[in-house]
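Pasting query-v9.csv here (CSV, C-alpha atoms):
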```csv
chain,number,residue,atom,x,y,z
A,1,MET,CA,0.0,0.0,0.0
A,2,LYS,CA,1.3,3.5,-0.9
A,3,PHE,CA,-0.6,6.8,-0.8
A,4,ILE,CA,0.0,10.5,-0.3
A,5,CYS,CA,-2.6,12.9,1.1
A,6,GLU,CA,-3.1,16.2,3.0
A,7,THR,CA,-1.8,15.8,6.6
A,8,SER,CA,-4.6,17.9,8.2
A,9,VAL,CA,-7.4,16.1,6.3
A,10,LEU,CA,-6.1,12.7,7.3
A,11,SER,CA,-5.5,13.8,10.9
A,12,GLU,CA,-9.0,15.1,11.3
A,13,ALA,CA,-10.5,11.9,9.8
A,14,CYS,CA,-8.4,9.8,12.1
A,15,GLN,CA,-9.4,11.8,15.2
A,16,ASN,CA,-13.1,11.2,14.4
A,17,VAL,CA,-12.7,7.5,13.5
A,18,GLN,CA,-10.7,7.0,16.7
A,19,ARG,CA,-13.8,7.5,18.8
A,20,ALA,CA,-15.0,4.1,17.8
A,21,VAL,CA,-11.8,2.4,18.6
A,22,SER,CA,-11.5,0.2,21.7
A,23,THR,CA,-8.8,1.2,24.2
A,24,LYS,CA,-8.7,-2.1,26.1
A,25,ASN,CA,-9.4,-5.3,24.3
A,26,ALA,CA,-8.0,-8.8,23.9
A,27,ILE,CA,-8.2,-8.3,20.1
A,28,PRO,CA,-5.3,-6.0,19.1
A,29,ALA,CA,-6.9,-5.2,15.7
A,30,ILE,CA,-9.8,-3.3,17.2
A,31,GLU,CA,-7.4,-1.0,19.0
A,32,GLY,CA,-6.4,0.2,15.6
A,33,ILE,CA,-7.7,2.1,12.6
A,34,TYR,CA,-8.0,0.2,9.4
A,35,LEU,CA,-6.6,2.2,6.4
A,36,LYS,CA,-7.6,0.9,3.0
A,37,ALA,CA,-6.2,2.6,-0.1
A,38,LEU,CA,-8.0,2.2,-3.4
A,39,GLY,CA,-8.8,4.3,-6.5
A,40,GLY,CA,-8.3,8.0,-5.5
A,41,GLU,CA,-9.2,7.6,-1.8
A,42,VAL,CA,-8.3,6.1,1.5
A,43,ILE,CA,-11.0,4.5,3.6
A,44,LEU,CA,-10.6,4.7,7.4
A,45,THR,CA,-12.5,2.4,9.8
A,46,GLY,CA,-12.7,2.1,13.6
A,47,TYR,CA,-14.8,-0.5,15.2
A,48,ASP,CA,-15.0,-1.7,18.8
A,49,LEU,CA,-17.6,-4.4,18.1
A,50,GLU,CA,-20.4,-2.1,19.3
A,51,LEU,CA,-19.8,1.2,17.5
A,52,GLY,CA,-18.1,1.6,14.2
A,53,ILE,CA,-17.1,4.8,12.3
A,54,ASN,CA,-16.2,4.8,8.7
A,55,THR,CA,-15.1,7.6,6.4
A,56,SER,CA,-12.9,8.3,3.3
A,57,VAL,CA,-10.4,11.0,2.3
A,58,SER,CA,-9.0,11.9,-1.1
A,59,ALA,CA,-5.5,10.7,-1.8
A,60,ARG,CA,-3.0,10.0,-4.5
A,61,VAL,CA,-2.9,6.2,-4.3
A,62,GLU,CA,0.3,4.7,-5.8
A,63,GLU,CA,-0.4,1.1,-4.7
A,64,LYS,CA,-3.7,-0.3,-3.4
A,65,GLY,CA,-3.8,-2.2,-0.2
A,66,GLY,CA,-4.5,-1.9,3.5
A,67,ILE,CA,-3.1,-2.1,7.0
A,68,VAL,CA,-4.4,-1.7,10.6
A,69,LEU,CA,-2.3,0.8,12.7
A,70,ASN,CA,-2.6,1.5,16.4
A,71,ALA,CA,-5.1,4.4,16.6
A,72,ARG,CA,-3.6,6.3,19.5
A,73,VAL,CA,-0.1,6.3,18.0
A,74,LEU,CA,-1.3,7.1,14.5
A,75,CYS,CA,-3.4,10.0,15.6
A,76,ASP,CA,-0.6,11.4,17.8
A,77,ILE,CA,1.9,11.2,14.9
A,78,LEU,CA,-0.4,12.8,12.4
A,79,ARG,CA,-1.1,15.7,14.8
A,80,ARG,CA,2.6,16.5,15.1
A,81,LEU,CA,3.8,16.0,11.5
A,82,PRO,CA,5.7,19.0,10.1
A,83,GLY,CA,4.6,18.8,6.5
A,84,ASN,CA,1.4,19.7,4.7
A,85,THR,CA,1.3,16.2,3.1
A,86,VAL,CA,2.0,12.8,4.5
A,87,ARG,CA,3.1,9.6,2.7
A,88,ILE,CA,2.2,6.2,4.2
A,89,GLU,CA,3.3,2.9,2.7
A,90,SER,CA,3.3,-0.6,4.0
A,91,ASP,CA,4.8,-3.9,2.9
A,92,GLU,CA,3.8,-7.6,3.1
A,93,ARG,CA,5.3,-7.9,6.6
A,94,GLN,CA,2.7,-5.3,7.8
A,95,MET,CA,5.4,-2.7,8.5
A,96,ALA,CA,4.3,0.9,7.8
A,97,LEU,CA,6.5,3.8,6.9
A,98,ILE,CA,5.1,7.3,7.6
A,99,THR,CA,7.0,10.3,6.2
A,100,SER,CA,6.3,14.0,6.1
A,101,ASP,CA,9.1,16.5,5.4
A,102,SER,CA,12.0,15.6,7.8
A,103,ALA,CA,9.9,13.4,10.0
A,104,GLU,CA,9.9,9.6,9.5
A,105,TYR,CA,8.2,6.8,11.5
A,106,THR,CA,8.2,3.1,11.1
A,107,LEU,CA,5.2,1.3,12.8
A,108,VAL,CA,4.4,-2.3,13.3
A,109,GLY,CA,0.9,-2.9,11.8
A,110,ILE,CA,-1.7,-5.7,11.8
A,111,SER,CA,-3.1,-7.6,8.8
A,112,PRO,CA,-6.5,-6.3,7.7
A,113,LYS,CA,-7.7,-10.0,7.8
A,114,GLU,CA,-7.7,-9.7,11.6
A,115,PHE,CA,-10.0,-6.6,11.5
A,116,PRO,CA,-13.7,-7.4,12.2
A,117,GLU,CA,-16.2,-6.7,9.4
A,118,LEU,CA,-18.6,-3.8,10.0
A,119,PRO,CA,-22.3,-4.9,10.2
A,120,SER,CA,-24.4,-3.9,7.2
A,121,VAL,CA,-27.9,-2.6,7.3
A,122,THR,CA,-30.0,-3.2,4.2
A,123,GLY,CA,-33.6,-2.6,3.2
A,124,GLY,CA,-36.0,-0.3,4.9
A,125,PHE,CA,-37.0,3.3,4.1
A,126,PRO,CA,-34.3,5.7,5.2
A,127,ILE,CA,-35.2,8.3,7.8
A,128,VAL,CA,-33.9,11.8,7.0
A,129,ALA,CA,-33.8,14.6,9.6
A,130,GLY,CA,-32.0,17.9,9.9
A,131,GLN,CA,-28.7,17.7,11.8
A,132,GLU,CA,-29.4,20.8,13.9
A,133,MET,CA,-32.9,19.6,14.9
A,134,LEU,CA,-31.7,16.1,15.8
A,135,LYS,CA,-28.7,17.5,17.8
A,136,GLU,CA,-31.1,19.6,19.9
A,137,MET,CA,-33.5,16.6,20.4
A,138,ILE,CA,-30.6,14.4,21.6
A,139,ARG,CA,-29.3,17.2,23.9
A,140,GLN,CA,-32.8,17.6,25.4
A,141,THR,CA,-33.2,13.9,26.2
A,142,ILE,CA,-29.7,12.4,26.8
A,143,PHE,CA,-29.4,14.0,30.3
A,144,ALA,CA,-32.2,11.6,31.5
A,145,VAL,CA,-30.6,8.4,30.3
A,146,ALA,CA,-29.8,5.8,33.0
A,147,THR,CA,-26.1,5.7,33.8
A,148,ASN,CA,-26.0,2.3,35.6
A,149,ASP,CA,-26.7,-1.1,34.1
A,150,THR,CA,-29.6,-2.2,36.3
A,151,LYS,CA,-31.6,-2.3,33.1
A,152,VAL,CA,-29.3,-1.9,30.1
A,153,VAL,CA,-32.2,-0.9,27.7
A,154,HIS,CA,-32.6,2.4,29.7
A,155,THR,CA,-29.0,3.4,29.0
A,156,GLY,CA,-30.2,4.3,25.5
A,157,ILE,CA,-32.7,6.7,23.9
A,158,LYS,CA,-35.8,5.3,22.4
A,159,PHE,CA,-36.8,6.5,18.9
A,160,GLU,CA,-40.4,6.3,17.8
A,161,ILE,CA,-40.9,7.3,14.2
A,162,SER,CA,-44.4,7.5,12.6
A,163,ASP,CA,-46.1,9.5,9.8
A,164,ASN,CA,-44.3,12.9,9.8
A,165,LEU,CA,-43.2,12.6,13.4
A,166,ILE,CA,-40.0,11.7,15.3
A,167,LYS,CA,-40.1,11.2,19.1
A,168,LEU,CA,-37.1,10.6,21.4
A,169,ILE,CA,-37.6,9.2,24.9
A,170,ALA,CA,-35.1,8.8,27.8
A,171,VAL,CA,-35.7,7.5,31.3
A,172,ASP,CA,-33.6,6.6,34.3
A,173,GLY,CA,-36.1,5.5,37.0
A,174,PHE,CA,-36.4,9.0,38.6
A,175,ARG,CA,-37.2,11.2,35.5
A,176,LEU,CA,-38.4,11.0,32.0
A,177,ALA,CA,-37.6,13.2,29.0
A,178,ILE,CA,-39.6,13.3,25.8
A,179,ARG,CA,-38.9,15.4,22.7
A,180,LYS,CA,-40.8,15.4,19.4
A,181,GLU,CA,-40.6,17.1,16.1
A,182,ALA,CA,-42.2,17.0,12.7
A,183,ILE,CA,-40.2,15.3,9.9
A,184,ASP,CA,-40.8,14.4,6.3
A,185,TYR,CA,-41.5,10.6,6.7
A,186,SER,CA,-44.3,8.5,5.4
A,187,GLY,CA,-43.0,5.0,6.1
A,188,GLU,CA,-44.1,2.4,8.6
A,189,PHE,CA,-44.1,3.0,12.3
A,190,SER,CA,-40.6,2.3,13.6
A,191,SER,CA,-39.3,2.0,17.2
A,192,PHE,CA,-35.8,1.3,18.3
A,193,ILE,CA,-33.3,2.1,21.1
A,194,VAL,CA,-29.9,3.6,20.4
A,195,PRO,CA,-27.1,3.5,23.1
A,196,SER,CA,-26.4,6.9,24.5
A,197,LYS,CA,-22.7,6.5,23.7
A,198,THR,CA,-23.5,6.2,20.0
A,199,LEU,CA,-25.6,9.3,20.0
A,200,SER,CA,-22.9,11.3,21.9
A,201,GLU,CA,-20.5,10.4,19.1
A,202,VAL,CA,-23.0,11.0,16.3
A,203,VAL,CA,-23.6,14.5,17.6
A,204,LYS,CA,-19.9,15.3,17.5
A,205,LEU,CA,-19.9,14.7,13.7
A,206,PHE,CA,-22.9,17.1,13.0
A,207,ARG,CA,-22.2,20.4,11.3
A,208,GLU,CA,-23.5,23.8,12.2
A,209,ASP,CA,-25.5,24.2,9.0
A,210,ASP,CA,-28.7,22.9,7.3
A,211,GLU,CA,-27.3,19.5,6.4
A,212,THR,CA,-29.3,16.4,7.0
A,213,VAL,CA,-28.5,13.0,8.5
A,214,SER,CA,-29.9,9.8,7.0
A,215,ILE,CA,-30.8,6.9,9.3
A,216,SER,CA,-31.2,3.3,8.2
A,217,VAL,CA,-32.4,0.8,10.8
A,218,GLY,CA,-32.0,-3.0,10.8
A,219,LYS,CA,-33.1,-5.6,13.2
A,220,LYS,CA,-30.0,-5.4,15.4
A,221,HIS,CA,-28.0,-2.4,14.0
A,222,ILE,CA,-28.5,1.2,12.9
A,223,VAL,CA,-26.5,3.3,10.5
A,224,PHE,CA,-26.2,7.1,10.6
A,225,GLU,CA,-24.9,8.7,7.3
A,226,ILE,CA,-23.4,12.1,8.2
A,227,GLY,CA,-21.7,13.8,5.3
A,228,SER,CA,-18.7,11.6,4.4
A,229,TYR,CA,-19.0,9.7,7.7
A,230,SER,CA,-20.9,6.5,8.3
A,231,VAL,CA,-21.7,5.5,11.9
A,232,VAL,CA,-22.9,2.0,12.6
A,233,SER,CA,-24.1,0.8,16.0
A,234,ARG,CA,-25.8,-2.1,17.7
A,235,LEU,CA,-29.3,-1.4,19.0
A,236,LEU,CA,-30.3,-2.1,22.5
A,237,ASP,CA,-32.8,-5.0,23.0
A,238,GLY,CA,-35.2,-5.3,25.9
A,239,GLU,CA,-38.5,-4.0,27.3
A,240,PHE,CA,-38.5,-0.2,27.6
A,241,LEU,CA,-40.6,1.5,30.2
A,242,ASN,CA,-44.2,2.0,29.3
A,243,TYR,CA,-43.6,5.8,29.6
A,244,LYS,CA,-47.2,6.8,28.5
A,245,SER,CA,-48.7,5.2,31.6
A,246,ALA,CA,-46.1,7.0,33.8
A,247,ILE,CA,-47.4,10.5,32.7
A,248,PRO,CA,-50.2,11.7,35.0
A,249,GLY,CA,-53.5,12.2,33.2
A,250,GLU,CA,-54.5,15.3,35.1
A,251,SER,CA,-53.2,18.1,37.3
A,252,THR,CA,-54.5,20.2,40.1
A,253,THR,CA,-52.0,23.1,39.8
A,254,GLU,CA,-50.6,24.8,36.7
A,255,VAL,CA,-47.6,27.1,37.0
A,256,ARG,CA,-46.0,29.4,34.5
A,257,VAL,CA,-42.6,30.8,35.3
A,258,ASN,CA,-39.6,32.4,33.6
A,259,THR,CA,-37.1,29.6,32.9
A,260,ARG,CA,-33.9,31.6,33.6
A,261,GLN,CA,-35.2,33.1,36.8
A,262,PHE,CA,-36.3,29.7,38.1
A,263,ILE,CA,-32.9,28.2,37.2
A,264,ASP,CA,-31.1,31.0,39.0
A,265,SER,CA,-33.2,30.6,42.1
A,266,ILE,CA,-32.5,26.9,42.3
A,267,GLU,CA,-28.8,27.4,41.8
A,268,ARG,CA,-28.7,29.9,44.7
A,269,ILE,CA,-30.3,27.3,47.0
A,270,SER,CA,-28.0,24.5,45.6
A,271,LEU,CA,-24.9,26.3,47.0
A,272,ILE,CA,-25.5,24.5,50.3
A,273,ILE,CA,-26.3,21.1,48.7
A,274,THR,CA,-23.4,18.9,47.7
A,275,ASP,CA,-22.9,15.3,46.7
A,276,LYS,CA,-21.8,14.5,50.2
A,277,ILE,CA,-24.4,16.7,51.9
A,278,LYS,CA,-27.6,15.9,50.1
A,279,SER,CA,-31.0,17.3,51.1
A,280,PRO,CA,-34.2,17.8,49.2
A,281,LEU,CA,-35.0,21.1,47.5
A,282,ARG,CA,-38.3,22.2,49.0
A,283,CYS,CA,-40.6,24.1,46.5
A,284,THR,CA,-43.8,25.7,47.7
A,285,PHE,CA,-46.1,26.7,44.8
A,286,GLY,CA,-48.8,29.2,45.8
A,287,ASP,CA,-49.8,32.9,45.9
A,288,ASN,CA,-48.2,33.6,42.5
A,289,ALA,CA,-44.8,32.7,43.7
A,290,ILE,CA,-42.5,29.7,44.1
A,291,ARG,CA,-40.7,29.7,47.4
A,292,LEU,CA,-37.6,27.6,47.5
A,293,SER,CA,-35.6,26.4,50.5
A,294,SER,CA,-33.2,23.7,51.8
A,295,THR,CA,-31.5,22.9,55.1
A,296,THR,CA,-28.3,20.8,55.2
A,297,ALA,CA,-25.4,20.4,57.6
A,298,LEU,CA,-23.8,23.5,56.0
A,299,GLY,CA,-26.8,25.7,56.9
A,300,SER,CA,-30.0,26.8,55.3
A,301,ALA,CA,-31.1,28.9,52.3
A,302,SER,CA,-34.3,30.3,50.9
A,303,ASP,CA,-35.4,32.3,47.9
A,304,GLU,CA,-38.5,33.2,46.0
A,305,VAL,CA,-39.4,33.7,42.3
A,306,SER,CA,-42.6,35.1,41.0
A,307,ALA,CA,-44.9,32.9,38.9
A,308,ALA,CA,-48.4,32.7,37.6
A,309,ILE,CA,-50.1,29.9,39.5
A,310,ASP,CA,-53.6,28.5,38.8
A,311,GLY,CA,-54.9,25.9,41.3
A,312,SER,CA,-54.2,24.7,44.8
A,313,SER,CA,-51.0,25.3,46.7
A,314,VAL,CA,-48.4,22.5,46.6
A,315,ASP,CA,-45.5,21.9,49.0
A,316,ILE,CA,-43.1,19.4,47.3
A,317,GLY,CA,-39.5,18.2,47.4
A,318,PHE,CA,-37.1,17.5,44.6
A,319,ASN,CA,-33.6,16.4,43.8
A,320,ASN,CA,-32.1,19.8,42.9
A,321,ARG,CA,-29.9,18.5,40.2
A,322,PHE,CA,-32.7,16.7,38.4
A,323,LEU,CA,-34.8,19.9,38.3
A,324,ILE,CA,-31.9,22.1,37.1
A,325,GLU,CA,-30.9,19.6,34.3
A,326,ALA,CA,-34.4,19.5,33.0
A,327,LEU,CA,-34.8,23.3,33.0
A,328,ARG,CA,-31.4,23.9,31.4
A,329,VAL,CA,-32.4,22.1,28.2
A,330,CYS,CA,-35.7,23.9,27.9
A,331,ASP,CA,-35.5,26.1,24.8
A,332,THR,CA,-38.3,28.5,25.8
A,333,ASP,CA,-38.2,31.7,27.8
A,334,GLU,CA,-41.1,30.4,29.9
A,335,VAL,CA,-42.1,27.0,31.0
A,336,ARG,CA,-45.4,25.5,32.1
A,337,ILE,CA,-45.3,23.2,35.2
A,338,LEU,CA,-48.1,20.8,36.0
A,339,LEU,CA,-48.5,19.4,39.5
A,340,ASN,CA,-50.9,17.0,41.1
A,341,GLY,CA,-50.1,17.2,44.8
A,342,PRO,CA,-46.9,16.6,46.8
A,343,VAL,CA,-46.3,12.9,45.9
A,344,SER,CA,-47.2,12.9,42.2
A,345,PRO,CA,-44.6,13.5,39.5
A,346,ILE,CA,-44.1,17.0,38.2
A,347,LEU,CA,-44.4,17.8,34.5
A,348,ILE,CA,-42.3,20.6,32.8
A,349,MET,CA,-43.6,21.6,29.3
A,350,PRO,CA,-43.4,24.5,26.9
A,351,PRO,CA,-45.9,27.4,27.4
A,352,ASP,CA,-47.9,26.1,24.4
A,353,GLY,CA,-47.9,22.6,22.8
A,354,ASP,CA,-46.0,19.6,23.8
A,355,SER,CA,-42.7,19.6,21.8
A,356,PHE,CA,-41.0,18.6,25.0
A,357,LEU,CA,-42.1,17.0,28.3
A,358,PHE,CA,-39.9,16.4,31.3
A,359,LEU,CA,-41.2,14.3,34.2
A,360,ILE,CA,-39.5,14.3,37.6
A,361,LEU,CA,-40.4,12.2,40.6
A,362,PRO,CA,-40.7,14.1,43.9
A,363,VAL,CA,-38.6,13.5,47.0
A,364,ARG,CA,-40.5,12.9,50.2
A,365,LEU,CA,-39.9,15.8,52.6
A,366,LYS,CA,-39.1,14.9,56.3
A,367,THR,CA,-42.2,16.8,57.5
A,368,GLU,CA,-44.4,14.3,55.6
A,369,ALA,CA,-43.0,11.3,57.5
```
Written as structure tokens, how would this file's structure read?
Amino acid sequence: MKFICETSVLSEACQNVQRAVSTKNAIPAIEGIYLKALGGEVILTGYDLELGINTSVSARVEEKGGIVLNARVLCDILRRLPGNTVRIESDERQMALITSDSAEYTLVGISPKEFPELPSVTGGFPIVAGQEMLKEMIRQTIFAVATNDTKVVHTGIKFEISDNLIKLIAVDGFRLAIRKEAIDYSGEFSSFIVPSKTLSEVVKLFREDDETVSISVGKKHIVFEIGSYSVVSRLLDGEFLNYKSAIPGESTTEVRVNTRQFIDSIERISLIITDKIKSPLRCTFGDNAIRLSSTTALGSASDEVSAAIDGSSVDIGFNNRFLIEALRVCDTDEVRILLNGPVSPILIMPPDGDSFLFLILPVRLKTEA
């Protein structure tokens, strides 16, 4: 294999592909990036058996072929090369020579035969969505994904796609996040669960413009086509929470409050709440105000923010972090909060419509014991 290409282009592609490379595995090949030179391009692939990233860069290929090189070492070398172009060649002994201006490296490679084949997804109607829109939808749900493995299926985000509608759902046992948007899709109803790690990596490849992402879904795998990149991932299998039954059907109190003011007030109270010194955030909704307070071993704090409140007064406790994280991803100046007493979940929604819905379970206050 012999090829020459722009150093910066190859370096950027390697940095992105490296995200799908395993750092600790008994199979040395999947700690590497597979470079395959053919025609006028070099194809780069990283795959840790769960997540794979594939892309190609333009190159002057003098000899077709391929080699697997250690991802970390290759990326570090490319980042520090002095020249604008880099030449990489390998022989039948899987030894690679990398040269750029005065710099020269010889690396021990691995045969491409030892590199696992990426799963392919065929058939099915592709789902096309705007990158900017999907990025926001993921940001507004991924915070509620479970971080432990008690139920692996909840460490991912559930996608539900029906006629002209895409919905993302995340749950961790204490809170629920739902985000939906209209899309141009007229295929069959589709439901699948994507690992949060995959979506975190997918978002990093999105551009800040009006480009789209194409999604193809198989029985066990999903492929995201993002520009010149292809991201393949396994899907999570299992019984996802019946989230619709978890959402209260009615409310006795409706609150409208400025999002930023409410966040600021919670953050002021949270100054005396730490990971080691935990205590519920008490919220009293009534008389067109939300009164917030907490008492910990460090001391006590109280604050108040004005709000439009319709219905009965409610005195309720929350995990302060859960409340802040939900409010921070709200993209509206004002939010609508629905309550149904001190022991029912709280719902946070936009002032109008239901493009997002965040549900948070309350924390029992000591005075209720």
Using only C-alpha atoms, tabulate the residues of range 64-151 of chain A lying at most 9 Å from any atom of range 214-232 of chain A, each with its closest atom pair and that distance in Å to one decimal, by chain and increasing residue number, as a Markdown table.
```
| residue | atom | partner | partner_atom | distance |
| --- | --- | --- | --- | --- |
| A:Leu118 | CA | A:Val232 | CA | 7.7 |
| A:Pro119 | CA | A:His221 | CA | 7.3 |
| A:Ser120 | CA | A:His221 | CA | 7.8 |
| A:Val121 | CA | A:Gly218 | CA | 5.4 |
| A:Thr122 | CA | A:Gly218 | CA | 6.9 |
| A:Gly123 | CA | A:Gly218 | CA | 7.8 |
| A:Gly124 | CA | A:Ser216 | CA | 6.8 |
| A:Phe125 | CA | A:Ser216 | CA | 7.1 |
| A:Pro126 | CA | A:Ser216 | CA | 4.9 |
| A:Ile127 | CA | A:Ile215 | CA | 4.9 |
| A:Val128 | CA | A:Ser214 | CA | 4.5 |
| A:Ala129 | CA | A:Ser214 | CA | 6.7 |
| A:Gly130 | CA | A:Ser214 | CA | 8.9 |
| A:Gln131 | CA | A:Ile226 | CA | 8.5 |
```
Write out as a tab-separated table a residue-level contact list of range 150-206 of chain A versus range 338-357 of chain A with cut-off 12 Å: for each qualifying residue the closest pair of atoms and the distance in Å to one decimal, counting all atoms listed in the file, rows sorted by chain and residue number upward.
```
residue	atom	partner	partner_atom	distance
A:Leu165	CA	A:Ser355	CA	10.9
A:Ile166	CA	A:Ser355	CA	10.6
A:Lys167	CA	A:Ser355	CA	9.2
A:Leu168	CA	A:Phe356	CA	9.6
A:Ile169	CA	A:Leu357	CA	9.6
A:Ala170	CA	A:Leu357	CA	10.8
A:Val171	CA	A:Leu357	CA	11.8
A:Gly173	CA	A:Pro345	CA	11.9
A:Phe174	CA	A:Pro345	CA	9.4
A:Arg175	CA	A:Pro345	CA	8.7
A:Leu176	CA	A:Leu357	CA	8.0
A:Ala177	CA	A:Leu357	CA	5.9
A:Ile178	CA	A:Leu357	CA	5.1
A:Arg179	CA	A:Phe356	CA	4.5
A:Lys180	CA	A:Ser355	CA	5.2
A:Glu181	CA	A:Ser355	CA	6.6
A:Ala182	CA	A:Ser355	CA	9.5
```
Requested in this report: Find, counting only C-alpha atoms, the residue in A:Leu97, A:Val86, A:Ala20, A:Ile193 that gets nearest to Arg72 in chain A.
Outcome: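 Of A:Leu97, A:Val86, A:Ala20, A:Ile193, the one nearest Arg72 in chain A, counting only C-alpha atoms, is A:Ala20.
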Report task. Give the answer as one residue: which of A:Phe192, A:Phe3, A:Phe358, A:Phe159 has the shortest atom-to-atom distance to Ile247 in chain A, using all atoms listed in the file? Result -> A:Phe358
Query raised in the report: Near range 306-314 of chain A, within 9 Å and counting only C-alpha atoms, which residues show up once chain neighbours fewer than 3 positions away are dropped, as a ChimeraX atom specification?
Result: /A:251-258,261-262,283-291,339-342
Residues near Lys151 in chain A, anyone? I mean within 10 Å using all atoms listed in the file, not counting same-chain ones fewer than 2 positions away, as a PDB file with C-alpha atoms, in the frame of the given file.
```
ATOM      1  CA  ALA A 146     -29.800   5.800  33.000  1.00  0.00           C
ATOM      2  CA  THR A 147     -26.100   5.700  33.800  1.00  0.00           C
ATOM      3  CA  ASN A 148     -26.000   2.300  35.600  1.00  0.00           C
ATOM      4  CA  ASP A 149     -26.700  -1.100  34.100  1.00  0.00           C
ATOM      5  CA  VAL A 153     -32.200  -0.900  27.700  1.00  0.00           C
ATOM      6  CA  HIS A 154     -32.600   2.400  29.700  1.00  0.00           C
ATOM      7  CA  THR A 155     -29.000   3.400  29.000  1.00  0.00           C
ATOM      8  CA  ASP A 172     -33.600   6.600  34.300  1.00  0.00           C
ATOM      9  CA  GLY A 173     -36.100   5.500  37.000  1.00  0.00           C
ATOM     10  CA  GLY A 238     -35.200  -5.300  25.900  1.00  0.00           C
ATOM     11  CA  GLU A 239     -38.500  -4.000  27.300  1.00  0.00           C
ATOM     12  CA  PHE A 240     -38.500  -0.200  27.600  1.00  0.00           C
TER      13      PHE A 240
END
```
Query - Pick from A:Asn84, A:Ser186, A:Ser200, A:Ser191, whichever lies nearest to Leu134 in chain A using all atoms listed in the file - result: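 So, comparing all the options, the nearest one is A:Ser200.
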Report summary line: Using all atoms listed in the file, the shortest atom-to-atom distance to Ile142 in chain A among A:Ile33, A:Val21, A:Ala301, A:Val329 belongs to A:Val329
Query - Counting all atoms listed in the file, the residue of A:Gly317, A:Arg364, A:Ser111, A:Leu10 that sits nearest Pro28 in chain A - result: A:Ser111
Any chance you could build range 328-340 of chain A out to N, CA and C atoms and write it as an mmCIF file, in the coordinates of the input?
```
data_model
loop_
_atom_site.group_PDB
_atom_site.id
_atom_site.type_symbol
_atom_site.label_atom_id
_atom_site.label_comp_id
_atom_site.auth_asym_id
_atom_site.auth_seq_id
_atom_site.Cartn_x
_atom_site.Cartn_y
_atom_site.Cartn_z
ATOM 1 N N ARG A 328 -32.528 23.431 32.238
ATOM 2 C CA ARG A 328 -31.400 23.900 31.400
ATOM 3 C C ARG A 328 -31.611 23.574 29.933
ATOM 4 N N VAL A 329 -32.275 22.470 29.637
ATOM 5 C CA VAL A 329 -32.400 22.100 28.200
ATOM 6 C C VAL A 329 -33.741 22.594 27.630
ATOM 7 N N CYS A 330 -34.526 23.292 28.417
ATOM 8 C CA CYS A 330 -35.700 23.900 27.900
ATOM 9 C C CYS A 330 -35.331 25.054 26.959
ATOM 10 N N ASP A 331 -35.870 25.073 25.747
ATOM 11 C CA ASP A 331 -35.500 26.100 24.800
ATOM 12 C C ASP A 331 -36.533 27.216 24.694
ATOM 13 N N THR A 332 -37.291 27.402 25.757
ATOM 14 C CA THR A 332 -38.300 28.500 25.800
ATOM 15 C C THR A 332 -38.041 29.403 26.952
ATOM 16 N N ASP A 333 -38.396 30.674 26.787
ATOM 17 C CA ASP A 333 -38.200 31.700 27.800
ATOM 18 C C ASP A 333 -39.015 31.364 29.070
ATOM 19 N N GLU A 334 -40.166 30.755 28.840
ATOM 20 C CA GLU A 334 -41.100 30.400 29.900
ATOM 21 C C GLU A 334 -41.446 28.957 29.866
ATOM 22 N N VAL A 335 -41.692 28.345 31.018
ATOM 23 C CA VAL A 335 -42.100 27.000 31.000
ATOM 24 C C VAL A 335 -43.456 26.841 31.791
ATOM 25 N N ARG A 336 -44.174 25.780 31.433
ATOM 26 C CA ARG A 336 -45.400 25.500 32.100
ATOM 27 C C ARG A 336 -45.199 24.225 32.971
ATOM 28 N N ILE A 337 -45.524 24.328 34.248
ATOM 29 C CA ILE A 337 -45.300 23.200 35.200
ATOM 30 C C ILE A 337 -46.659 22.731 35.685
ATOM 31 N N LEU A 338 -46.857 21.431 35.581
ATOM 32 C CA LEU A 338 -48.100 20.800 36.000
ATOM 33 C C LEU A 338 -47.855 19.942 37.232
ATOM 34 N N LEU A 339 -48.657 20.151 38.291
ATOM 35 C CA LEU A 339 -48.500 19.400 39.500
ATOM 36 C C LEU A 339 -49.843 18.749 39.905
ATOM 37 N N ASN A 340 -49.737 17.658 40.668
ATOM 38 C CA ASN A 340 -50.900 17.000 41.100
ATOM 39 C C ASN A 340 -50.723 16.512 42.577
#
```
